[in-house]
Amino acid sequence: MKALVAVKRVVDYNVKVRVKADRTGVETANVKMSMNPFDEIAVEEALRLREAGKVEEIIVVSLGIQQCQETIRTALAMGADRGVLVQTDVELQPLAVAKLLKAVIDKEGPELVILGKQAIDDDCSQTGQMLAALLGWPQATFASKLVITDGSVEATREVDGGLETISFKLPAVVTTDLRLNEPRYASLPNIMKAKKKPIVTMTPEELGVDPTPRLVTLKVEEPPKRGGGVKVGSVAELVDKLKTEARVI
């Protein structure tokens, strides 16, 4: 079985995000970038499925500017077999990403597609669901456990009320939750081997997809700074302030 994993290049989660001076977006110049943490979990799950004999080949796909190759190389160093970069300078939104991934999937023919449940930069949590709809495949979102047997998948999902277990047939789309696994670190020998692994570059035009954004960002602003706290002398004073000042009760 062939597995395809989508990975996204985002601002590293340790970096304090800053808004651009012109308020058109988030500052990314001279900022450390890395693989989206949920996508790391997706790569790790594909690797574990291969080690269990369920998957034979792992293809990593990233979409965006040329520097996304670095993100693909990280996944290859973890153990993926080969990479695909859909290169474009256009700002990609979830629907465009889903359409581009579908075009790549149509070419590669994987039976299992794994994505992170969301990206930490836009927090949309839409791409996996849109992709499954475009493909007409069953899906399991927010998966915290995955078991594959005889062409079917049993996934445990985290929902508001607790855990939900569902079963469906392959091919399928799965989005990964935080508790699915702990991603491995790439060893130095694997990092060196990753430099020789193939990465195929495509363009949206070659795939027959128009990635033009449908939404326009008017402006981006930082949240207002929080004011200092106030000590109260009694419960009655606290209740009064919640009523008259905060107006939350």
# chains A, B, ... in the order shown; residues from 1 in each chain; ligands from 1
>>> residues_around(residues="range 187-199 of chain A", least_positions_apart="6", cutoff="6 Å", atoms="only C-alpha atoms", output="PDB file with C-alpha atoms, in the first residue's frame")
ATOM      1  CA  LEU A  76      12.680  12.389   4.077  1.00  0.00           C
ATOM      2  CA  ALA A  77      15.268  12.452   6.869  1.00  0.00           C
ATOM      3  CA  ARG A  82      10.364  10.507  -1.860  1.00  0.00           C
ATOM      4  CA  GLY A  83       8.912  13.971  -2.116  1.00  0.00           C
ATOM      5  CA  VAL A  84       6.696  16.098  -4.345  1.00  0.00           C
TER       6      VAL A  84
END
>>> select_by_dssp(residues="range 104-240 of chain A", states="alpha helix (DSSP H)", output="PyMOL selection string")
chain A and resi 104-108+127-135+188-194+204-207+235-240
>>> write_last_selection(atoms="N, CA, C and O atoms", output="compact mmCIF listing (two decimals), in the first residue's frame")
# COMPACT_ATOMS: atom_id res chain seq x y z
N VAL A 104 -2.46 15.71 -7.24
CA VAL A 104 -1.28 14.89 -6.98
C VAL A 104 -1.69 13.45 -6.66
O VAL A 104 -1.07 12.49 -7.13
N ILE A 105 -2.75 13.30 -5.89
CA ILE A 105 -3.25 11.96 -5.53
C ILE A 105 -3.71 11.20 -6.76
O ILE A 105 -3.47 9.99 -6.90
N ASP A 106 -4.36 11.89 -7.68
CA ASP A 106 -4.79 11.26 -8.93
C ASP A 106 -3.60 10.72 -9.72
O ASP A 106 -3.69 9.70 -10.39
N LYS A 107 -2.45 11.42 -9.63
CA LYS A 107 -1.25 10.98 -10.33
C LYS A 107 -0.56 9.83 -9.60
O LYS A 107 -0.09 8.87 -10.23
N GLU A 108 -0.49 9.92 -8.28
CA GLU A 108 0.30 8.95 -7.49
C GLU A 108 -0.49 7.70 -7.12
O GLU A 108 0.08 6.64 -6.92
N THR A 127 -8.55 21.55 5.37
CA THR A 127 -7.99 20.91 4.17
C THR A 127 -8.33 19.42 4.10
O THR A 127 -8.75 18.92 3.05
N GLY A 128 -8.17 18.70 5.19
CA GLY A 128 -8.45 17.26 5.18
C GLY A 128 -9.89 16.96 4.82
O GLY A 128 -10.18 16.06 4.00
N GLN A 129 -10.81 17.70 5.40
CA GLN A 129 -12.23 17.49 5.13
C GLN A 129 -12.57 17.83 3.68
O GLN A 129 -13.33 17.11 3.01
N MET A 130 -12.03 18.93 3.18
CA MET A 130 -12.29 19.32 1.78
C MET A 130 -11.71 18.29 0.82
O MET A 130 -12.33 17.94 -0.19
N LEU A 131 -10.51 17.79 1.13
CA LEU A 131 -9.86 16.80 0.27
C LEU A 131 -10.69 15.52 0.20
O LEU A 131 -10.90 14.96 -0.89
N ALA A 132 -11.16 15.05 1.35
CA ALA A 132 -11.98 13.84 1.37
C ALA A 132 -13.25 14.03 0.54
O ALA A 132 -13.69 13.12 -0.18
N ALA A 133 -13.85 15.22 0.62
CA ALA A 133 -15.07 15.50 -0.15
C ALA A 133 -14.78 15.51 -1.65
O ALA A 133 -15.55 14.97 -2.45
N LEU A 134 -13.66 16.11 -2.05
CA LEU A 134 -13.30 16.16 -3.47
C LEU A 134 -13.00 14.77 -4.03
O LEU A 134 -13.33 14.46 -5.17
N LEU A 135 -12.36 13.93 -3.20
CA LEU A 135 -12.02 12.58 -3.63
C LEU A 135 -13.21 11.63 -3.55
O LEU A 135 -13.23 10.59 -4.22
N LEU A 188 21.61 11.75 12.12
CA LEU A 188 22.54 12.37 11.18
C LEU A 188 22.72 11.53 9.91
O LEU A 188 22.69 12.09 8.81
N PRO A 189 22.87 10.20 10.02
CA PRO A 189 22.98 9.41 8.78
C PRO A 189 21.74 9.54 7.88
O PRO A 189 21.87 9.63 6.66
N ASN A 190 20.56 9.59 8.49
CA ASN A 190 19.34 9.74 7.71
C ASN A 190 19.23 11.13 7.08
O ASN A 190 18.67 11.28 5.98
N ILE A 191 19.74 12.14 7.77
CA ILE A 191 19.76 13.49 7.20
C ILE A 191 20.64 13.52 5.95
O ILE A 191 20.29 14.15 4.94
N MET A 192 21.76 12.83 6.00
CA MET A 192 22.66 12.76 4.85
C MET A 192 22.01 11.97 3.71
O MET A 192 22.10 12.36 2.54
N LYS A 193 21.33 10.86 4.05
CA LYS A 193 20.66 10.05 3.02
C LYS A 193 19.53 10.83 2.36
O LYS A 193 19.25 10.67 1.17
N ALA A 194 18.87 11.70 3.15
CA ALA A 194 17.72 12.45 2.63
C ALA A 194 18.12 13.38 1.49
O ALA A 194 17.31 13.70 0.62
N PRO A 204 1.05 24.37 -10.24
CA PRO A 204 -0.41 24.26 -10.32
C PRO A 204 -0.91 24.19 -11.76
O PRO A 204 -1.89 23.49 -12.05
N GLU A 205 -0.23 24.88 -12.67
CA GLU A 205 -0.63 24.87 -14.07
C GLU A 205 -0.50 23.46 -14.66
O GLU A 205 -1.37 23.01 -15.42
N GLU A 206 0.58 22.76 -14.31
CA GLU A 206 0.78 21.40 -14.79
C GLU A 206 -0.31 20.46 -14.26
O GLU A 206 -0.68 19.49 -14.92
N LEU A 207 -0.80 20.77 -13.07
CA LEU A 207 -1.84 19.93 -12.46
C LEU A 207 -3.24 20.36 -12.87
O LEU A 207 -4.23 19.73 -12.49
N VAL A 235 -15.61 38.75 48.56
CA VAL A 235 -16.39 38.13 47.51
C VAL A 235 -17.45 39.10 46.99
O VAL A 235 -17.71 39.17 45.79
N ALA A 236 -18.03 39.87 47.91
CA ALA A 236 -19.06 40.82 47.51
C ALA A 236 -18.51 41.87 46.54
O ALA A 236 -19.15 42.23 45.55
N GLU A 237 -17.27 42.33 46.82
CA GLU A 237 -16.64 43.31 45.94
C GLU A 237 -16.34 42.68 44.57
O GLU A 237 -16.50 43.32 43.53
N LEU A 238 -15.91 41.42 44.57
CA LEU A 238 -15.63 40.70 43.32
C LEU A 238 -16.90 40.60 42.47
O LEU A 238 -16.89 40.89 41.27
N VAL A 239 -17.99 40.19 43.10
CA VAL A 239 -19.26 40.06 42.38
C VAL A 239 -19.71 41.40 41.83
O VAL A 239 -20.18 41.49 40.69
N ASP A 240 -19.53 42.46 42.63
CA ASP A 240 -19.93 43.79 42.18
C ASP A 240 -19.15 44.23 40.95
O ASP A 240 -19.71 44.78 39.99
>>> atom_distance(atom1="CA of Ile58 in chain A", atom2="CA of Phe168 in chain A")
21.0 Å
>>> residues_around(residues="Pro183 in chain A", least_positions_apart="5", cutoff="8 Å", atoms="only C-alpha atoms", output="list in words")
Glu40, Ile41, Val43 and Glu44 of chain A
>>> write_last_selection(atoms="N, CA, C and O atoms", output="PDB file, in the first residue's frame")
ATOM      1  N   GLU A  40       4.173  16.605  11.354  1.00  0.00           N
ATOM      2  CA  GLU A  40       5.214  15.705  11.860  1.00  0.00           C
ATOM      3  C   GLU A  40       4.586  14.417  12.400  1.00  0.00           C
ATOM      4  O   GLU A  40       5.103  13.314  12.185  1.00  0.00           O
ATOM      5  N   ILE A  41       3.479  14.570  13.104  1.00  0.00           N
ATOM      6  CA  ILE A  41       2.763  13.406  13.642  1.00  0.00           C
ATOM      7  C   ILE A  41       2.247  12.539  12.494  1.00  0.00           C
ATOM      8  O   ILE A  41       2.279  11.305  12.560  1.00  0.00           O
ATOM      9  N   VAL A  43       3.603  12.250   9.468  1.00  0.00           N
ATOM     10  CA  VAL A  43       4.756  11.539   8.907  1.00  0.00           C
ATOM     11  C   VAL A  43       5.135  10.361   9.794  1.00  0.00           C
ATOM     12  O   VAL A  43       5.379   9.243   9.310  1.00  0.00           O
ATOM     13  N   GLU A  44       5.175  10.597  11.096  1.00  0.00           N
ATOM     14  CA  GLU A  44       5.538   9.526  12.036  1.00  0.00           C
ATOM     15  C   GLU A  44       4.561   8.361  11.951  1.00  0.00           C
ATOM     16  O   GLU A  44       4.968   7.190  11.976  1.00  0.00           O
TER      17      GLU A  44
END
>>> select_by_dssp(residues="range 7-185 of chain A", states="strand (DSSP E or B)", output="ChimeraX atom specification")
/A:9-11,19,26,33-35,57-64,82-87,112-116,139-149,152-159,162-169,172-176
>>> atom_distance(atom1="CA of Pro37 in chain A", atom2="CA of Gln118 in chain A")
9.2 Å
>>> residues_around(residues="range 151-153 of chain A", least_positions_apart="6", cutoff="8 Å", atoms="only C-alpha atoms", output="ChimeraX atom specification")
/A:167-170
>>> atom_distance(atom1="CA of Lys99 in chain A", atom2="CA of Thr212 in chain A")
11.6 Å
>>> residues_around(residues="Lys20 in chain A", least_positions_apart="6", cutoff="12 Å", atoms="only C-alpha atoms", output="list in words")
Val26, Glu27, Thr28, Ala29, Lys219, Val220, Glu221 and Glu222 of chain A
>>> write_last_selection(atoms="N, CA, C and O atoms", output="mmCIF file, in the first residue's frame")
data_model
loop_
_atom_site.group_PDB
_atom_site.id
_atom_site.type_symbol
_atom_site.label_atom_id
_atom_site.label_comp_id
_atom_site.auth_asym_id
_atom_site.auth_seq_id
_atom_site.Cartn_x
_atom_site.Cartn_y
_atom_site.Cartn_z
ATOM 1 N N VAL A 26 1.586 38.274 8.668
ATOM 2 C CA VAL A 26 2.548 37.945 9.720
ATOM 3 C C VAL A 26 3.960 38.014 9.144
ATOM 4 O O VAL A 26 4.210 37.601 8.010
ATOM 5 N N GLU A 27 4.879 38.516 9.913
ATOM 6 C CA GLU A 27 6.263 38.652 9.475
ATOM 7 C C GLU A 27 6.930 37.282 9.361
ATOM 8 O O GLU A 27 6.949 36.504 10.320
ATOM 9 N N THR A 28 7.454 36.979 8.169
ATOM 10 C CA THR A 28 8.148 35.702 7.950
ATOM 11 C C THR A 28 9.593 35.896 7.500
ATOM 12 O O THR A 28 10.347 34.925 7.430
ATOM 13 N N ALA A 29 9.988 37.131 7.191
ATOM 14 C CA ALA A 29 11.368 37.389 6.774
ATOM 15 C C ALA A 29 12.315 37.196 7.949
ATOM 16 O O ALA A 29 12.090 37.719 9.051
ATOM 17 N N LYS A 219 -6.804 43.286 6.760
ATOM 18 C CA LYS A 219 -5.677 43.697 7.592
ATOM 19 C C LYS A 219 -5.520 42.712 8.744
ATOM 20 O O LYS A 219 -6.446 41.973 9.088
ATOM 21 N N VAL A 220 -4.335 42.678 9.287
ATOM 22 C CA VAL A 220 -4.017 41.807 10.416
ATOM 23 C C VAL A 220 -3.552 42.681 11.581
ATOM 24 O O VAL A 220 -2.684 43.544 11.400
ATOM 25 N N GLU A 221 -4.135 42.468 12.750
ATOM 26 C CA GLU A 221 -3.774 43.262 13.919
ATOM 27 C C GLU A 221 -3.417 42.353 15.084
ATOM 28 O O GLU A 221 -3.960 41.248 15.217
ATOM 29 N N GLU A 222 -2.502 42.809 15.910
ATOM 30 C CA GLU A 222 -2.171 42.082 17.133
ATOM 31 C C GLU A 222 -3.321 42.235 18.128
ATOM 32 O O GLU A 222 -4.028 43.252 18.132
#
>>> closest_residue(among="A:Leu49, A:Leu178, A:Asn14, A:Val61", to="Val200 in chain A", atoms="only C-alpha atoms")
A:Val61
>>> residues_around(residues="Met35 in chain A", least_positions_apart="3", cutoff="7 Å", atoms="only C-alpha atoms", output="list in words")
Val7, Lys8, Arg9, Val10, Asp39, Glu40 and Thr71 of chain A
>>> closest_residue(among="A:Ala246, A:Leu4, A:Val232, A:Val159", to="Glu45 in chain A", atoms="only C-alpha atoms")
A:Leu4
>>> closest_residue(among="A:Ala52, A:Met33, A:Gly208, A:Leu242", to="Val147 in chain A", atoms="only C-alpha atoms")
A:Ala52
>>> closest_residue(among="A:Gly161, A:Gly229, A:Gly25, A:Gly116", to="Ala46 in chain A", atoms="only C-alpha atoms")
A:Gly116
>>> closest_residue(among="A:Glu245, A:Gln67, A:Asp150, A:Leu218", to="Asp89 in chain A", atoms="only C-alpha atoms")
A:Gln67
>>> decode(residues="range 10-33 of chain A", atoms="N, CA, C and O atoms", output="PDB file, in the first residue's frame")
ATOM      1  N   VAL A  10       5.710  26.206   8.164  1.00  0.00           N
ATOM      2  CA  VAL A  10       5.097  27.249   8.993  1.00  0.00           C
ATOM      3  C   VAL A  10       6.161  27.911   9.859  1.00  0.00           C
ATOM      4  O   VAL A  10       7.282  27.408   9.989  1.00  0.00           O
ATOM      5  N   VAL A  11       5.798  29.029  10.462  1.00  0.00           N
ATOM      6  CA  VAL A  11       6.680  29.663  11.446  1.00  0.00           C
ATOM      7  C   VAL A  11       6.851  28.705  12.621  1.00  0.00           C
ATOM      8  O   VAL A  11       5.881  28.140  13.116  1.00  0.00           O
ATOM      9  N   ASP A  12       8.097  28.509  13.050  1.00  0.00           N
ATOM     10  CA  ASP A  12       8.374  27.569  14.132  1.00  0.00           C
ATOM     11  C   ASP A  12       7.551  27.913  15.375  1.00  0.00           C
ATOM     12  O   ASP A  12       7.364  29.092  15.706  1.00  0.00           O
ATOM     13  N   TYR A  13       7.078  26.855  16.046  1.00  0.00           N
ATOM     14  CA  TYR A  13       6.171  27.082  17.180  1.00  0.00           C
ATOM     15  C   TYR A  13       6.849  27.780  18.360  1.00  0.00           C
ATOM     16  O   TYR A  13       6.175  28.303  19.249  1.00  0.00           O
ATOM     17  N   ASN A  14       8.186  27.812  18.380  1.00  0.00           N
ATOM     18  CA  ASN A  14       8.900  28.501  19.466  1.00  0.00           C
ATOM     19  C   ASN A  14       9.081  29.996  19.201  1.00  0.00           C
ATOM     20  O   ASN A  14       9.524  30.731  20.089  1.00  0.00           O
ATOM     21  N   VAL A  15       8.759  30.423  17.981  1.00  0.00           N
ATOM     22  CA  VAL A  15       8.974  31.818  17.596  1.00  0.00           C
ATOM     23  C   VAL A  15       7.764  32.662  17.977  1.00  0.00           C
ATOM     24  O   VAL A  15       6.621  32.255  17.773  1.00  0.00           O
ATOM     25  N   LYS A  16       8.024  33.839  18.542  1.00  0.00           N
ATOM     26  CA  LYS A  16       6.930  34.773  18.845  1.00  0.00           C
ATOM     27  C   LYS A  16       6.498  35.447  17.542  1.00  0.00           C
ATOM     28  O   LYS A  16       7.291  36.119  16.885  1.00  0.00           O
ATOM     29  N   VAL A  17       5.253  35.253  17.183  1.00  0.00           N
ATOM     30  CA  VAL A  17       4.737  35.771  15.914  1.00  0.00           C
ATOM     31  C   VAL A  17       4.566  37.284  15.995  1.00  0.00           C
ATOM     32  O   VAL A  17       4.036  37.813  16.974  1.00  0.00           O
ATOM     33  N   ARG A  18       5.033  37.980  14.942  1.00  0.00           N
ATOM     34  CA  ARG A  18       4.901  39.436  14.867  1.00  0.00           C
ATOM     35  C   ARG A  18       4.130  39.822  13.605  1.00  0.00           C
ATOM     36  O   ARG A  18       4.309  39.218  12.547  1.00  0.00           O
ATOM     37  N   VAL A  19       3.304  40.836  13.746  1.00  0.00           N
ATOM     38  CA  VAL A  19       2.534  41.345  12.608  1.00  0.00           C
ATOM     39  C   VAL A  19       3.401  42.320  11.823  1.00  0.00           C
ATOM     40  O   VAL A  19       4.156  43.107  12.390  1.00  0.00           O
ATOM     41  N   LYS A  20       3.294  42.292  10.482  1.00  0.00           N
ATOM     42  CA  LYS A  20       4.049  43.216   9.643  1.00  0.00           C
ATOM     43  C   LYS A  20       3.650  44.661   9.931  1.00  0.00           C
ATOM     44  O   LYS A  20       2.538  44.937  10.369  1.00  0.00           O
ATOM     45  N   ALA A  21       4.582  45.569   9.656  1.00  0.00           N
ATOM     46  CA  ALA A  21       4.328  46.985   9.924  1.00  0.00           C
ATOM     47  C   ALA A  21       3.142  47.514   9.124  1.00  0.00           C
ATOM     48  O   ALA A  21       2.393  48.370   9.594  1.00  0.00           O
ATOM     49  N   ASP A  22       2.958  46.980   7.897  1.00  0.00           N
ATOM     50  CA  ASP A  22       1.849  47.461   7.067  1.00  0.00           C
ATOM     51  C   ASP A  22       0.551  46.700   7.329  1.00  0.00           C
ATOM     52  O   ASP A  22      -0.449  46.901   6.633  1.00  0.00           O
ATOM     53  N   ARG A  23       0.561  45.773   8.299  1.00  0.00           N
ATOM     54  CA  ARG A  23      -0.620  45.009   8.724  1.00  0.00           C
ATOM     55  C   ARG A  23      -1.220  44.135   7.614  1.00  0.00           C
ATOM     56  O   ARG A  23      -2.421  43.857   7.628  1.00  0.00           O
ATOM     57  N   THR A  24      -0.384  43.717   6.689  1.00  0.00           N
ATOM     58  CA  THR A  24      -0.880  42.862   5.617  1.00  0.00           C
ATOM     59  C   THR A  24      -0.770  41.381   5.957  1.00  0.00           C
ATOM     60  O   THR A  24      -1.298  40.543   5.231  1.00  0.00           O
ATOM     61  N   GLY A  25      -0.086  41.048   7.037  1.00  0.00           N
ATOM     62  CA  GLY A  25       0.079  39.645   7.407  1.00  0.00           C
ATOM     63  C   GLY A  25       1.074  39.482   8.529  1.00  0.00           C
ATOM     64  O   GLY A  25       1.402  40.445   9.237  1.00  0.00           O
ATOM     65  N   VAL A  26       1.586  38.274   8.668  1.00  0.00           N
ATOM     66  CA  VAL A  26       2.548  37.945   9.720  1.00  0.00           C
ATOM     67  C   VAL A  26       3.960  38.014   9.144  1.00  0.00           C
ATOM     68  O   VAL A  26       4.210  37.601   8.010  1.00  0.00           O
ATOM     69  N   GLU A  27       4.879  38.516   9.913  1.00  0.00           N
ATOM     70  CA  GLU A  27       6.263  38.652   9.475  1.00  0.00           C
ATOM     71  C   GLU A  27       6.930  37.282   9.361  1.00  0.00           C
ATOM     72  O   GLU A  27       6.949  36.504  10.320  1.00  0.00           O
ATOM     73  N   THR A  28       7.454  36.979   8.169  1.00  0.00           N
ATOM     74  CA  THR A  28       8.148  35.702   7.950  1.00  0.00           C
ATOM     75  C   THR A  28       9.593  35.896   7.500  1.00  0.00           C
ATOM     76  O   THR A  28      10.347  34.925   7.430  1.00  0.00           O
ATOM     77  N   ALA A  29       9.988  37.131   7.191  1.00  0.00           N
ATOM     78  CA  ALA A  29      11.368  37.389   6.774  1.00  0.00           C
ATOM     79  C   ALA A  29      12.315  37.196   7.949  1.00  0.00           C
ATOM     80  O   ALA A  29      12.090  37.719   9.051  1.00  0.00           O
ATOM     81  N   ASN A  30      13.390  36.435   7.714  1.00  0.00           N
ATOM     82  CA  ASN A  30      14.407  36.155   8.743  1.00  0.00           C
ATOM     83  C   ASN A  30      13.808  35.513   9.994  1.00  0.00           C
ATOM     84  O   ASN A  30      14.271  35.756  11.111  1.00  0.00           O
ATOM     85  N   VAL A  31      12.758  34.725   9.800  1.00  0.00           N
ATOM     86  CA  VAL A  31      12.102  34.020  10.906  1.00  0.00           C
ATOM     87  C   VAL A  31      12.317  32.526  10.718  1.00  0.00           C
ATOM     88  O   VAL A  31      12.257  32.014   9.600  1.00  0.00           O
ATOM     89  N   LYS A  32      12.601  31.833  11.806  1.00  0.00           N
ATOM     90  CA  LYS A  32      12.821  30.384  11.726  1.00  0.00           C
ATOM     91  C   LYS A  32      11.526  29.687  11.309  1.00  0.00           C
ATOM     92  O   LYS A  32      10.472  29.894  11.901  1.00  0.00           O
ATOM     93  N   MET A  33      11.633  28.851  10.273  1.00  0.00           N
ATOM     94  CA  MET A  33      10.481  28.093   9.782  1.00  0.00           C
ATOM     95  C   MET A  33      10.724  26.605  10.036  1.00  0.00           C
ATOM     96  O   MET A  33      11.868  26.142  10.107  1.00  0.00           O
TER      97      MET A  33
END
